[in-house]
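The file work.pdb contains PDB, C-alpha atoms and all ligand atoms:
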```pdb
MODEL        1
ATOM      1  CA  MET A   1     -29.175   5.886  18.049
ATOM      2  CA  LYS A   2     -27.580   2.459  18.235
ATOM      3  CA  ARG A   3     -23.832   2.429  18.938
ATOM      4  CA  ILE A   4     -21.150  -0.099  19.781
ATOM      5  CA  THR A   5     -17.555   0.203  21.032
ATOM      6  CA  VAL A   6     -14.935  -2.416  20.242
ATOM      7  CA  SER A   7     -11.241  -2.587  21.125
ATOM      8  CA  ALA A   8      -8.329  -4.538  19.619
ATOM      9  CA  PRO A   9      -4.675  -4.900  20.669
ATOM     10  CA  GLY A  10      -1.528  -3.881  18.847
ATOM     11  CA  LYS A  11       1.189  -6.433  18.026
ATOM     12  CA  LEU A  12       4.872  -7.214  18.089
ATOM     13  CA  MET A  13       6.480  -9.766  15.799
ATOM     14  CA  LEU A  14       8.616 -12.109  17.916
ATOM     15  CA  LEU A  15      10.334 -14.303  15.305
ATOM     16  CA  GLY A  16       9.997 -14.907  11.570
ATOM     17  CA  ASP A  17       9.767 -11.300  10.302
ATOM     18  CA  HIS A  18       9.762 -11.005   6.493
ATOM     19  CA  ALA A  19       9.907 -14.793   6.003
ATOM     20  CA  VAL A  20       6.196 -14.849   6.910
ATOM     21  CA  VAL A  21       5.432 -12.766   3.802
ATOM     22  CA  TYR A  22       6.607 -15.831   1.824
ATOM     23  CA  GLN A  23       4.025 -18.179   3.391
ATOM     24  CA  ARG A  24       6.403 -19.202   6.130
ATOM     25  CA  PRO A  25       5.722 -19.223   9.892
ATOM     26  CA  CYS A  26       6.233 -16.525  12.498
ATOM     27  CA  LEU A  27       5.479 -15.961  16.174
ATOM     28  CA  VAL A  28       3.567 -12.840  17.136
ATOM     29  CA  THR A  29       2.267 -11.463  20.412
ATOM     30  CA  ALA A  30      -0.639  -9.092  20.967
ATOM     31  CA  VAL A  31       0.308  -6.170  23.239
ATOM     32  CA  ASP A  32      -1.800  -4.131  25.610
ATOM     33  CA  GLN A  33      -1.521  -0.973  23.493
ATOM     34  CA  ARG A  34      -5.171  -0.902  22.319
ATOM     35  CA  MET A  35      -7.283   0.784  19.674
ATOM     36  CA  PHE A  36     -10.875   1.713  20.602
ATOM     37  CA  VAL A  37     -13.486   2.235  17.895
ATOM     38  CA  THR A  38     -17.109   3.306  18.311
ATOM     39  CA  VAL A  39     -19.533   2.737  15.440
ATOM     40  CA  GLU A  40     -22.835   4.575  15.608
ATOM     41  CA  LEU A  41     -25.823   4.335  13.235
ATOM     42  CA  ILE A  42     -26.848   7.753  11.872
ATOM     43  CA  ASN A  43     -29.824   9.041   9.873
ATOM     44  CA  LYS A  44     -27.811  10.498   6.983
ATOM     45  CA  PRO A  45     -26.685   8.023   4.247
ATOM     46  CA  GLU A  46     -23.051   8.843   4.982
ATOM     47  CA  PHE A  47     -19.807   7.361   6.273
ATOM     48  CA  GLN A  48     -18.440   9.800   8.849
ATOM     49  CA  LEU A  49     -15.059   9.384  10.482
ATOM     50  CA  HIS A  50     -13.697  11.085  13.561
ATOM     51  CA  ALA A  51     -10.116   9.848  14.027
ATOM     52  CA  PRO A  52      -7.959  12.644  15.467
ATOM     53  CA  ASP A  53      -4.901  10.341  15.591
ATOM     54  CA  LEU A  54      -5.121   9.792  11.830
ATOM     55  CA  LEU A  55      -6.662  12.991  10.433
ATOM     56  CA  PRO A  56      -6.847  16.458  11.980
ATOM     57  CA  ASP A  57     -10.340  17.108  10.557
ATOM     58  CA  ASP A  58     -13.450  14.968  10.520
ATOM     59  CA  TYR A  59     -14.050  13.122   7.257
ATOM     60  CA  LYS A  60     -17.298  12.166   5.526
ATOM     61  CA  LYS A  61     -18.457  10.586   2.272
ATOM     62  CA  PRO A  62     -21.864   9.552   0.872
ATOM     63  CA  LEU A  63     -22.364   5.788   1.267
ATOM     64  CA  THR A  64     -22.737   5.439  -2.524
ATOM     65  CA  GLN A  65     -19.170   6.734  -2.996
ATOM     66  CA  ILE A  66     -17.401   4.631  -0.390
ATOM     67  CA  GLY A  67     -14.229   3.087  -1.763
ATOM     68  CA  SER A  68     -14.137   5.352  -4.840
ATOM     69  CA  GLY A  69     -12.610   8.755  -5.597
ATOM     70  CA  THR A  70      -9.741  10.132  -3.566
ATOM     71  CA  ILE A  71      -9.150   8.419  -0.243
ATOM     72  CA  PRO A  72      -6.777  10.363   2.045
ATOM     73  CA  LYS A  73      -3.891   8.202   3.326
ATOM     74  CA  GLY A  74      -4.972   8.482   6.964
ATOM     75  CA  VAL A  75      -8.442   7.043   6.316
ATOM     76  CA  ALA A  76      -7.549   4.331   3.781
ATOM     77  CA  TYR A  77      -7.805   1.339   6.152
ATOM     78  CA  CYS A  78     -11.107   2.580   7.594
ATOM     79  CA  GLU A  79     -12.763   3.392   4.278
ATOM     80  CA  VAL A  80     -11.574   0.259   2.478
ATOM     81  CA  ALA A  81     -12.732  -1.895   5.425
ATOM     82  CA  VAL A  82     -16.204  -0.303   5.245
ATOM     83  CA  SER A  83     -16.250  -0.712   1.459
ATOM     84  CA  LEU A  84     -15.420  -4.436   1.706
ATOM     85  CA  PHE A  85     -18.083  -4.828   4.393
ATOM     86  CA  ILE A  86     -20.646  -3.202   2.058
ATOM     87  CA  GLN A  87     -19.643  -5.516  -0.805
ATOM     88  CA  LYS A  88     -20.163  -8.568   1.408
ATOM     89  CA  PHE A  89     -23.116  -7.635   3.604
ATOM     90  CA  GLY A  90     -24.539  -4.297   2.346
ATOM     91  CA  LEU A  91     -25.037  -1.348   4.687
ATOM     92  CA  PRO A  92     -28.634  -0.496   5.655
ATOM     93  CA  SER A  93     -27.734   2.742   7.460
ATOM     94  CA  GLY A  94     -25.255   5.591   7.565
ATOM     95  CA  ILE A  95     -22.488   5.212  10.142
ATOM     96  CA  ARG A  96     -20.257   7.410  12.235
ATOM     97  CA  VAL A  97     -16.944   5.857  13.239
ATOM     98  CA  SER A  98     -14.799   7.345  16.032
ATOM     99  CA  SER A  99     -11.410   5.952  16.931
ATOM    100  CA  GLN A 100      -9.020   6.502  19.778
ATOM    101  CA  ALA A 101      -5.828   4.631  20.600
ATOM    102  CA  ASN A 102      -3.892   4.486  23.853
ATOM    103  CA  PHE A 103      -0.643   4.415  21.820
ATOM    104  CA  SER A 104       0.940   6.456  19.049
ATOM    105  CA  SER A 105       0.548   5.261  15.463
ATOM    106  CA  LEU A 106       4.229   6.181  14.948
ATOM    107  CA  LEU A 107       5.553   3.271  17.029
ATOM    108  CA  GLY A 108       4.816   0.533  14.487
ATOM    109  CA  LEU A 109       2.743  -1.438  16.988
ATOM    110  CA  GLY A 110      -0.058  -2.125  14.526
ATOM    111  CA  SER A 111      -2.476   0.801  14.721
ATOM    112  CA  SER A 112      -3.676   0.229  11.117
ATOM    113  CA  SER A 113      -4.349  -3.452  11.682
ATOM    114  CA  ALA A 114      -6.038  -2.787  15.027
ATOM    115  CA  ILE A 115      -8.374  -0.135  13.560
ATOM    116  CA  THR A 116      -9.254  -2.463  10.657
ATOM    117  CA  VAL A 117     -10.106  -5.288  13.064
ATOM    118  CA  CYS A 118     -12.166  -2.954  15.275
ATOM    119  CA  ILE A 119     -14.240  -1.453  12.456
ATOM    120  CA  LEU A 120     -15.126  -4.770  10.842
ATOM    121  CA  LYS A 121     -15.902  -6.422  14.179
ATOM    122  CA  ALA A 122     -18.026  -3.440  15.255
ATOM    123  CA  LEU A 123     -19.954  -3.390  11.960
ATOM    124  CA  CYS A 124     -20.690  -7.116  12.243
ATOM    125  CA  SER A 125     -21.802  -6.710  15.856
ATOM    126  CA  ILE A 126     -24.017  -3.654  15.310
ATOM    127  CA  PHE A 127     -25.862  -5.340  12.408
ATOM    128  CA  GLY A 128     -26.133  -8.685  14.236
ATOM    129  CA  ILE A 129     -23.922 -10.530  11.719
ATOM    130  CA  LYS A 130     -22.351 -13.638  13.220
ATOM    131  CA  ILE A 131     -18.778 -13.990  12.050
ATOM    132  CA  THR A 132     -16.064 -16.448  13.090
ATOM    133  CA  ASN A 133     -12.551 -15.250  13.861
ATOM    134  CA  LYS A 134     -11.318 -16.866  10.651
ATOM    135  CA  GLU A 135     -13.985 -15.080   8.544
ATOM    136  CA  LEU A 136     -13.131 -11.809  10.261
ATOM    137  CA  PHE A 137      -9.445 -12.464   9.541
ATOM    138  CA  ILE A 138     -10.183 -12.958   5.816
ATOM    139  CA  LEU A 139     -12.062  -9.623   5.590
ATOM    140  CA  CYS A 140      -9.356  -7.768   7.514
ATOM    141  CA  TYR A 141      -6.583  -9.332   5.454
ATOM    142  CA  GLN A 142      -8.357  -8.333   2.231
ATOM    143  CA  THR A 143      -8.403  -4.770   3.570
ATOM    144  CA  VAL A 144      -4.661  -4.832   4.324
ATOM    145  CA  LEU A 145      -3.829  -6.185   0.866
ATOM    146  CA  ALA A 146      -6.109  -3.649  -0.842
ATOM    147  CA  VAL A 147      -4.479  -0.733   1.006
ATOM    148  CA  ALA A 148      -0.818  -1.755   1.399
ATOM    149  CA  GLY A 149      -0.536  -4.165  -1.542
ATOM    150  CA  VAL A 150       1.729  -6.485   0.485
ATOM    151  CA  GLY A 151       1.726  -8.145   3.899
ATOM    152  CA  SER A 152       1.340 -11.495   5.607
ATOM    153  CA  GLY A 153      -1.718 -10.672   7.753
ATOM    154  CA  PHE A 154       0.062 -11.540  11.028
ATOM    155  CA  ASP A 155      -0.896  -8.160  12.498
ATOM    156  CA  VAL A 156      -4.647  -8.548  11.956
ATOM    157  CA  ALA A 157      -4.432 -12.102  13.331
ATOM    158  CA  ALA A 158      -2.871 -10.704  16.529
ATOM    159  CA  GLY A 159      -5.614  -8.071  16.729
ATOM    160  CA  ILE A 160      -8.372 -10.673  16.381
ATOM    161  CA  TYR A 161      -7.057 -13.651  18.357
ATOM    162  CA  GLY A 162      -4.835 -11.868  20.898
ATOM    163  CA  GLY A 163      -2.317 -13.825  23.017
ATOM    164  CA  VAL A 164       0.786 -15.324  21.436
ATOM    165  CA  ILE A 165       0.217 -16.930  18.055
ATOM    166  CA  PHE A 166       2.004 -19.268  15.689
ATOM    167  CA  PHE A 167       1.013 -17.784  12.331
ATOM    168  CA  VAL A 168       1.735 -18.944   8.791
ATOM    169  CA  GLY A 169       1.745 -16.260   6.065
ATOM    170  CA  GLY A 170      -1.682 -15.433   4.634
ATOM    171  CA  GLY A 171      -3.378 -17.113   7.608
ATOM    172  CA  LYS A 172      -2.741 -20.690   6.404
ATOM    173  CA  GLU A 173      -2.357 -21.575  10.069
ATOM    174  CA  ILE A 174      -3.280 -19.492  13.107
ATOM    175  CA  THR A 175      -2.570 -21.352  16.332
ATOM    176  CA  PRO A 176      -2.790 -19.667  19.749
ATOM    177  CA  LEU A 177       0.067 -20.780  22.021
ATOM    178  CA  SER A 178      -0.090 -21.348  25.731
ATOM    179  CA  VAL A 179       2.598 -19.028  27.043
ATOM    180  CA  VAL A 180       2.733 -18.380  30.781
ATOM    181  CA  SER A 181       4.673 -15.142  30.666
ATOM    182  CA  LEU A 182       6.710 -13.173  28.163
ATOM    183  CA  PRO A 183       8.603 -10.339  29.885
ATOM    184  CA  LEU A 184       9.556  -8.523  26.693
ATOM    185  CA  LEU A 185      11.367  -5.184  26.810
ATOM    186  CA  VAL A 186      10.871  -2.834  23.881
ATOM    187  CA  GLY A 187      13.012  -0.021  22.520
ATOM    188  CA  TYR A 188      11.762   2.536  20.010
ATOM    189  CA  THR A 189      14.233   3.972  17.504
ATOM    190  CA  GLY A 190      12.288   7.203  16.978
ATOM    191  CA  ILE A 191      12.162   6.441  13.240
ATOM    192  CA  LYS A 192       8.951   5.505  11.432
ATOM    193  CA  ALA A 193       9.464   2.526   9.107
ATOM    194  CA  ASP A 194       7.580   2.348   5.812
ATOM    195  CA  THR A 195       6.698  -1.343   5.848
ATOM    196  CA  PRO A 196       5.475  -1.793   2.219
ATOM    197  CA  THR A 197       8.661  -0.173   0.864
ATOM    198  CA  ILE A 198      10.889  -2.404   3.017
ATOM    199  CA  VAL A 199       8.910  -5.535   2.120
ATOM    200  CA  ARG A 200       9.381  -4.639  -1.567
ATOM    201  CA  SER A 201      13.139  -4.193  -1.050
ATOM    202  CA  VAL A 202      13.286  -7.742   0.322
ATOM    203  CA  SER A 203      11.302  -9.013  -2.651
ATOM    204  CA  GLU A 204      13.918  -7.418  -4.938
ATOM    205  CA  LYS A 205      16.589  -9.393  -3.050
ATOM    206  CA  MET A 206      14.460 -12.506  -3.464
ATOM    207  CA  LYS A 207      14.340 -11.944  -7.247
ATOM    208  CA  GLN A 208      18.087 -11.386  -7.378
ATOM    209  CA  PHE A 209      19.193 -14.233  -5.077
ATOM    210  CA  PRO A 210      16.249 -16.646  -4.763
ATOM    211  CA  LYS A 211      18.256 -19.657  -3.546
ATOM    212  CA  LEU A 212      20.116 -17.649  -0.902
ATOM    213  CA  ILE A 213      17.095 -15.803   0.430
ATOM    214  CA  ASN A 214      15.005 -18.977   0.515
ATOM    215  CA  GLY A 215      17.912 -20.560   2.391
ATOM    216  CA  LEU A 216      17.770 -17.765   4.989
ATOM    217  CA  PHE A 217      14.012 -18.265   5.287
ATOM    218  CA  THR A 218      14.462 -21.996   5.820
ATOM    219  CA  VAL A 219      16.692 -21.160   8.792
ATOM    220  CA  SER A 220      14.000 -18.707   9.914
ATOM    221  CA  ASP A 221      11.487 -21.613   9.958
ATOM    222  CA  LEU A 222      13.824 -23.573  12.251
ATOM    223  CA  VAL A 223      14.279 -20.537  14.491
ATOM    224  CA  VAL A 224      10.491 -20.123  14.792
ATOM    225  CA  THR A 225       9.976 -23.798  15.683
ATOM    226  CA  ARG A 226      12.778 -23.790  18.276
ATOM    227  CA  GLY A 227      11.586 -20.442  19.637
ATOM    228  CA  GLN A 228       8.026 -21.708  19.909
ATOM    229  CA  ASN A 229       9.111 -24.707  22.010
ATOM    230  CA  ALA A 230      11.322 -22.471  24.154
ATOM    231  CA  LEU A 231       8.424 -20.094  24.827
ATOM    232  CA  ILE A 232       6.052 -22.916  25.765
ATOM    233  CA  GLU A 233       8.684 -24.361  28.116
ATOM    234  CA  HIS A 234       9.418 -20.859  29.470
ATOM    235  CA  ASP A 235      13.065 -21.300  28.456
ATOM    236  CA  LEU A 236      13.762 -17.598  27.907
ATOM    237  CA  GLN A 237      17.492 -18.097  27.469
ATOM    238  CA  THR A 238      16.975 -20.302  24.400
ATOM    239  CA  PHE A 239      14.298 -17.917  23.182
ATOM    240  CA  GLY A 240      16.839 -15.076  23.459
ATOM    241  CA  GLU A 241      19.324 -17.080  21.400
ATOM    242  CA  MET A 242      16.677 -17.570  18.715
ATOM    243  CA  MET A 243      16.164 -13.801  18.698
ATOM    244  CA  ASN A 244      19.878 -13.285  18.070
ATOM    245  CA  ILE A 245      20.002 -15.819  15.223
ATOM    246  CA  ASN A 246      16.876 -14.272  13.700
ATOM    247  CA  GLU A 247      18.498 -10.843  13.880
ATOM    248  CA  GLY A 248      21.474 -12.199  11.930
ATOM    249  CA  LEU A 249      19.103 -13.350   9.187
ATOM    250  CA  LEU A 250      17.316  -9.995   9.115
ATOM    251  CA  ALA A 251      20.639  -8.144   8.948
ATOM    252  CA  SER A 252      21.513 -10.320   5.922
ATOM    253  CA  LEU A 253      18.320  -9.069   4.268
ATOM    254  CA  GLY A 254      19.585  -5.497   4.761
ATOM    255  CA  VAL A 255      16.766  -4.302   7.041
ATOM    256  CA  GLU A 256      18.806  -3.611  10.195
ATOM    257  CA  SER A 257      19.285   0.162  10.467
ATOM    258  CA  GLU A 258      22.052   1.838  12.450
ATOM    259  CA  GLN A 259      19.660   2.934  15.194
ATOM    260  CA  LEU A 260      18.230  -0.578  15.537
ATOM    261  CA  SER A 261      21.696  -2.059  15.647
ATOM    262  CA  ILE A 262      22.762   0.411  18.384
ATOM    263  CA  LEU A 263      19.752  -0.502  20.535
ATOM    264  CA  ILE A 264      20.180  -4.244  19.950
ATOM    265  CA  GLN A 265      23.887  -4.130  20.868
ATOM    266  CA  ALA A 266      23.124  -1.967  23.898
ATOM    267  CA  ALA A 267      20.621  -4.525  25.190
ATOM    268  CA  ARG A 268      23.018  -7.422  24.622
ATOM    269  CA  MET A 269      25.937  -5.604  26.286
ATOM    270  CA  ALA A 270      23.704  -4.912  29.295
ATOM    271  CA  GLY A 271      23.192  -8.646  29.729
ATOM    272  CA  ALA A 272      20.057  -9.499  27.722
ATOM    273  CA  TYR A 273      19.528 -13.114  26.632
ATOM    274  CA  GLY A 274      18.927 -11.810  23.118
ATOM    275  CA  ALA A 275      17.613  -8.906  21.072
ATOM    276  CA  LYS A 276      16.270  -8.269  17.587
ATOM    277  CA  LEU A 277      14.289  -5.838  15.502
ATOM    278  CA  SER A 278      10.549  -6.450  15.383
ATOM    279  CA  GLY A 279       8.587  -6.002  12.156
ATOM    280  CA  ALA A 280       9.882  -4.650   8.879
ATOM    281  CA  GLY A 281      13.107  -3.125  10.235
ATOM    282  CA  MET A 282      14.855   0.147   9.276
ATOM    283  CA  GLY A 283      13.122   1.850  12.231
ATOM    284  CA  ASP A 284      10.144   1.273  14.564
ATOM    285  CA  CYS A 285      10.951  -1.000  17.523
ATOM    286  CA  MET A 286      13.407  -3.622  18.722
ATOM    287  CA  ILE A 287      12.584  -6.254  21.323
ATOM    288  CA  THR A 288      14.739  -7.936  23.922
ATOM    289  CA  ILE A 289      14.461 -10.362  26.795
ATOM    290  CA  ALA A 290      16.710 -10.382  29.857
ATOM    291  CA  PRO A 291      17.393 -12.503  32.948
ATOM    292  CA  PRO A 292      15.558 -11.051  35.987
ATOM    293  CA  ASP A 293      18.809  -9.715  37.501
ATOM    294  CA  ARG A 294      19.690  -7.787  34.301
ATOM    295  CA  VAL A 295      16.284  -6.241  33.538
ATOM    296  CA  ARG A 296      17.100  -2.925  35.236
ATOM    297  CA  GLN A 297      20.413  -2.549  33.349
ATOM    298  CA  VAL A 298      18.845  -3.478  30.002
ATOM    299  CA  LYS A 299      16.009  -0.982  30.546
ATOM    300  CA  GLN A 300      18.514   1.753  31.418
ATOM    301  CA  SER A 301      20.605   0.964  28.392
ATOM    302  CA  ILE A 302      17.599   1.126  26.042
ATOM    303  CA  ALA A 303      16.490   4.416  27.574
ATOM    304  CA  LEU A 304      19.989   5.793  27.078
ATOM    305  CA  HIS A 305      20.125   4.935  23.364
ATOM    306  CA  GLY A 306      16.458   5.279  22.355
ATOM    307  CA  ARG A 307      13.052   5.224  24.041
ATOM    308  CA  LEU A 308      11.909   2.460  26.352
ATOM    309  CA  ILE A 309       8.298   1.433  25.629
ATOM    310  CA  THR A 310       6.427  -0.427  28.332
ATOM    311  CA  VAL A 311       4.326  -3.250  26.950
ATOM    312  CA  SER A 312       2.521  -6.187  28.358
ATOM    313  CA  CYS A 313       2.406  -9.213  26.017
ATOM    314  CA  ASN A 314      -0.258 -11.875  25.582
ATOM    315  CA  ALA A 315      -2.997  -9.206  25.489
ATOM    316  CA  GLU A 316      -6.641 -10.075  24.873
ATOM    317  CA  GLY A 317      -7.852 -10.079  21.253
ATOM    318  CA  VAL A 318     -10.689  -8.016  19.796
ATOM    319  CA  LYS A 319     -13.538  -7.496  22.253
ATOM    320  CA  LEU A 320     -16.803  -5.684  22.693
ATOM    321  CA  GLU A 321     -16.335  -2.829  25.178
ATOM    322  CA  ALA A 322     -19.826  -1.336  25.273
ATOM    323  CA  GLN A 323     -23.168  -1.365  23.439
TER     324      GLN A 323
HETATM  325  C1  LIG B 401       6.091  -6.018   9.283
HETATM  326  O1  LIG B 401       5.591  -5.591  10.538
HETATM  327  C2  LIG B 401       6.390  -7.494   9.308
HETATM  328  C3  LIG B 401       6.713  -8.078   7.950
HETATM  329  O2  LIG B 401       6.971  -9.476   8.121
HETATM  330  C4  LIG B 401       5.619  -7.842   6.956
HETATM  331  C5  LIG B 401       4.391  -8.706   7.205
HETATM  332  O3  LIG B 401       4.476  -9.790   7.775
HETATM  333  O4  LIG B 401       3.285  -8.280   6.770
HETATM  334  C6  LIG B 401       7.996  -7.456   7.410
ENDMDL
END
```

Written form, structure tokens:
Amino acid sequence: MKRITVSAPGKLMLLGDHAVVYQRPCLVTAVDQRMFVTVELINKPEFQLHAPDLLPDDYKKPLTQIGSGTIPKGVAYCEVAVSLFIQKFGLPSGIRVSSQANFSSLLGLGSSSAITVCILKALCSIFGIKITNKELFILCYQTVLAVAGVGSGFDVAAGIYGGVIFFVGGGKEITPLSVVSLPLLVGYTGIKADTPTIVRSVSEKMKQFPKLINGLFTVSDLVVTRGQNALIEHDLQTFGEMMNINEGLLASLGVESEQLSILIQAARMAGAYGAKLSGAGMGDCMITIAPPDRVRQVKQSIALHGRLITVSCNAEGVKLEAQ
């Protein structure tokens, strides 16, 4: 039977977190933590899913019922992606989808976005449907909005395009940047953040104090622009300063948890150029960047206060692994 394997990278938000939900810009990097998805055509008119990271047991549903009835939380992105694919292109055969990631879905590195990108890319490839990156982005973003209800789409853009991207909320602009190297250090708080809930808490703040929050987001725009130039010029010191200013804005939004703040301070005290949370906040990961002669101390300090995660930035976007 015909089968295809596709992989897509995870992501880390560099600057512009939360503001990007309000159609503002952010910088995001793809990371080498990858999701691998194999799609296989099967004789039964069924959608079968084998995703041990997401669900302990295998899952299956008749093709005619895809997208309806109860959808367990762990399979929502996969099933909704398949359902949107069917609405757009139809599905001439049953499929078996198997996924495997080389990173834990608890880290907040974008396992849901990566699996969404993989499934839709694999389905297009296996049925010979030519799709541009922008068209793929639109399908993936529809999936994210249908499942989570909120989100800017920056994570699926990172999964598709890879590299370091200047991204404007909703995909209004997706521009790959030429960045020579980005020696990011990452600390994990050990706490899983619930992104939609945190995004909604910020939207409550926006309703309460629209002028103030929009003011913070206007500063965020400036931070993203300055940070983008610094990255292109490999001026990591300025980039670190932009991280610190961005963290101040995020703390004002109330999304800096105690554990994040401990890790961020620890990195700064150990000599980092700058440090900030990455993503929604309240848990998941923080990122930092340090001068070469302080990297060892910063790593030690992160490991002492949380968990050091080794990542390599600028990773390749979605790609065909085997067919
Ligand atoms: C979450 O990883 C990042 C947010 O900006 C939400 C989003 O952009 O979808 C908070």

Tell me which residues the PyMOL selection byres (((not hetatm)) within 6 of (chain B and resi 401)) grabs here, as a PDB file with C-alpha atoms, keeping the file's coordinate frame.
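The resulting result.pdb:
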```pdb
ATOM      1  CA  ASP A  17       9.767 -11.300  10.302  1.00  0.00           C
ATOM      2  CA  HIS A  18       9.762 -11.005   6.493  1.00  0.00           C
ATOM      3  CA  VAL A  20       6.196 -14.849   6.910  1.00  0.00           C
ATOM      4  CA  VAL A  21       5.432 -12.766   3.802  1.00  0.00           C
ATOM      5  CA  GLY A 151       1.726  -8.145   3.899  1.00  0.00           C
ATOM      6  CA  SER A 152       1.340 -11.495   5.607  1.00  0.00           C
ATOM      7  CA  GLY A 153      -1.718 -10.672   7.753  1.00  0.00           C
ATOM      8  CA  PHE A 154       0.062 -11.540  11.028  1.00  0.00           C
ATOM      9  CA  THR A 195       6.698  -1.343   5.848  1.00  0.00           C
ATOM     10  CA  VAL A 199       8.910  -5.535   2.120  1.00  0.00           C
ATOM     11  CA  GLY A 279       8.587  -6.002  12.156  1.00  0.00           C
ATOM     12  CA  ALA A 280       9.882  -4.650   8.879  1.00  0.00           C
TER      13      ALA A 280
END
```

Exercise for review: Find the spatial neighbours of Phe47 in chain A, counting only C-alpha atoms, within a cut-off of 8 Å - ignore same-chain residues fewer than 3 positions away - and output them as a list of chain:residue names.
Suggested key: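 Result of the neighbour search: A:Lys60, A:Lys61, A:Pro62, A:Leu63, A:Ile66, A:Gly94, A:Ile95, A:Arg96, A:Val97.
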
Exercise for review: Starting from the point (-17.0, -5.7, 20.4), work out which residues of protein, DNA or RNA have an atom no more than 6 Å away when counting all atoms listed in the file; state them as number ranges by chain.
Suggested key: A: 5-6, 122, 319-321

Revision key, fill the gap. Min atom-atom distance to Asn229 in chain A from the set A:Asn244, A:Ile86, A:Leu27, A:Arg294, counting all atoms listed in the file, belongs to A:Leu27

Mind running range 112-230 of chain A against range 301-305 of chain A at 12 Å and telling me each contacting residue's nearest atom pair with the distance in Å (one decimal), counting only C-alpha atoms, chain and number ascending, as CSV?
```
residue,atom,partner,partner_atom,distance
A:Leu185,CA,A:Ile302,CA,8.9
A:Val186,CA,A:Ile302,CA,8.1
A:Gly187,CA,A:Ile302,CA,5.9
A:Tyr188,CA,A:Ile302,CA,8.5
A:Thr189,CA,A:His305,CA,8.4
A:Gly190,CA,A:His305,CA,10.4
```

Check your understanding: Given the file above and the PyMOL selection byres (((chain A and resi 267) around 9) and not hetatm), which residues are selected, and can you give them as a ChimeraX atom specification?
Key -> /A:262-266,268-275,288-290,297-299,301-302

Point to revise | Selected residue of minimal separation from Leu222 in chain A among A:Lys73, A:Lys207, A:Lys44, A:Arg24, counting all atoms listed in the file | key: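 That would be A:Arg24, the residue with the smallest distance to Leu222 in chain A.
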
Exercise for review: Compare A:Val75, A:Ala114, A:Leu14, A:Ala101 by their minimum atom-to-atom distance to Asp155 in chain A, counting all atoms listed in the file, and give me the closest one.
Suggested key: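 Closest to Asp155 in chain A, using all atoms listed in the file: A:Ala114.
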
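Atom to atom, CA of Ile71 in chain A and CA of Lys88 in chain A stand 20.3 Å apart.
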
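If you look at CA of Cys78 in chain A and CA of Thr116 in chain A, they are 6.2 Å away from each other.
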
Exercise for review: Could you please determine the separation between CA of Pro291 in chain A and CA of Gly240 in chain A in Å, to one decimal place?
Suggested key: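 Between these atoms lies a distance of 9.8 Å.
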
Practice item. Could you list the residues chosen by the PyMOL selection byres (((chain A and resi 223-227) around 8) and not hetatm) in this structure as a list in words? Key: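 What the PyMOL selection byres (((chain A and resi 223-227) around 8) and not hetatm) grabs from the file is Leu15, Gly16, Pro25, Cys26, Leu27, Val219, Ser220, Asp221, Leu222, Gln228, Asn229, Ala230, Leu231, Thr238, Phe239, Met242, Ile245 and Asn246 of chain A.
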
Exercise for review: Excluding Ile129 in chain A and residues on its chain fewer than 3 positions from it, collect all residues at most 12 Å away from it, counting all atoms listed in the file, and give them as a VMD selection string.
Suggested key: chain A and resid 85 88 to 91 120 to 126 132 135 to 136
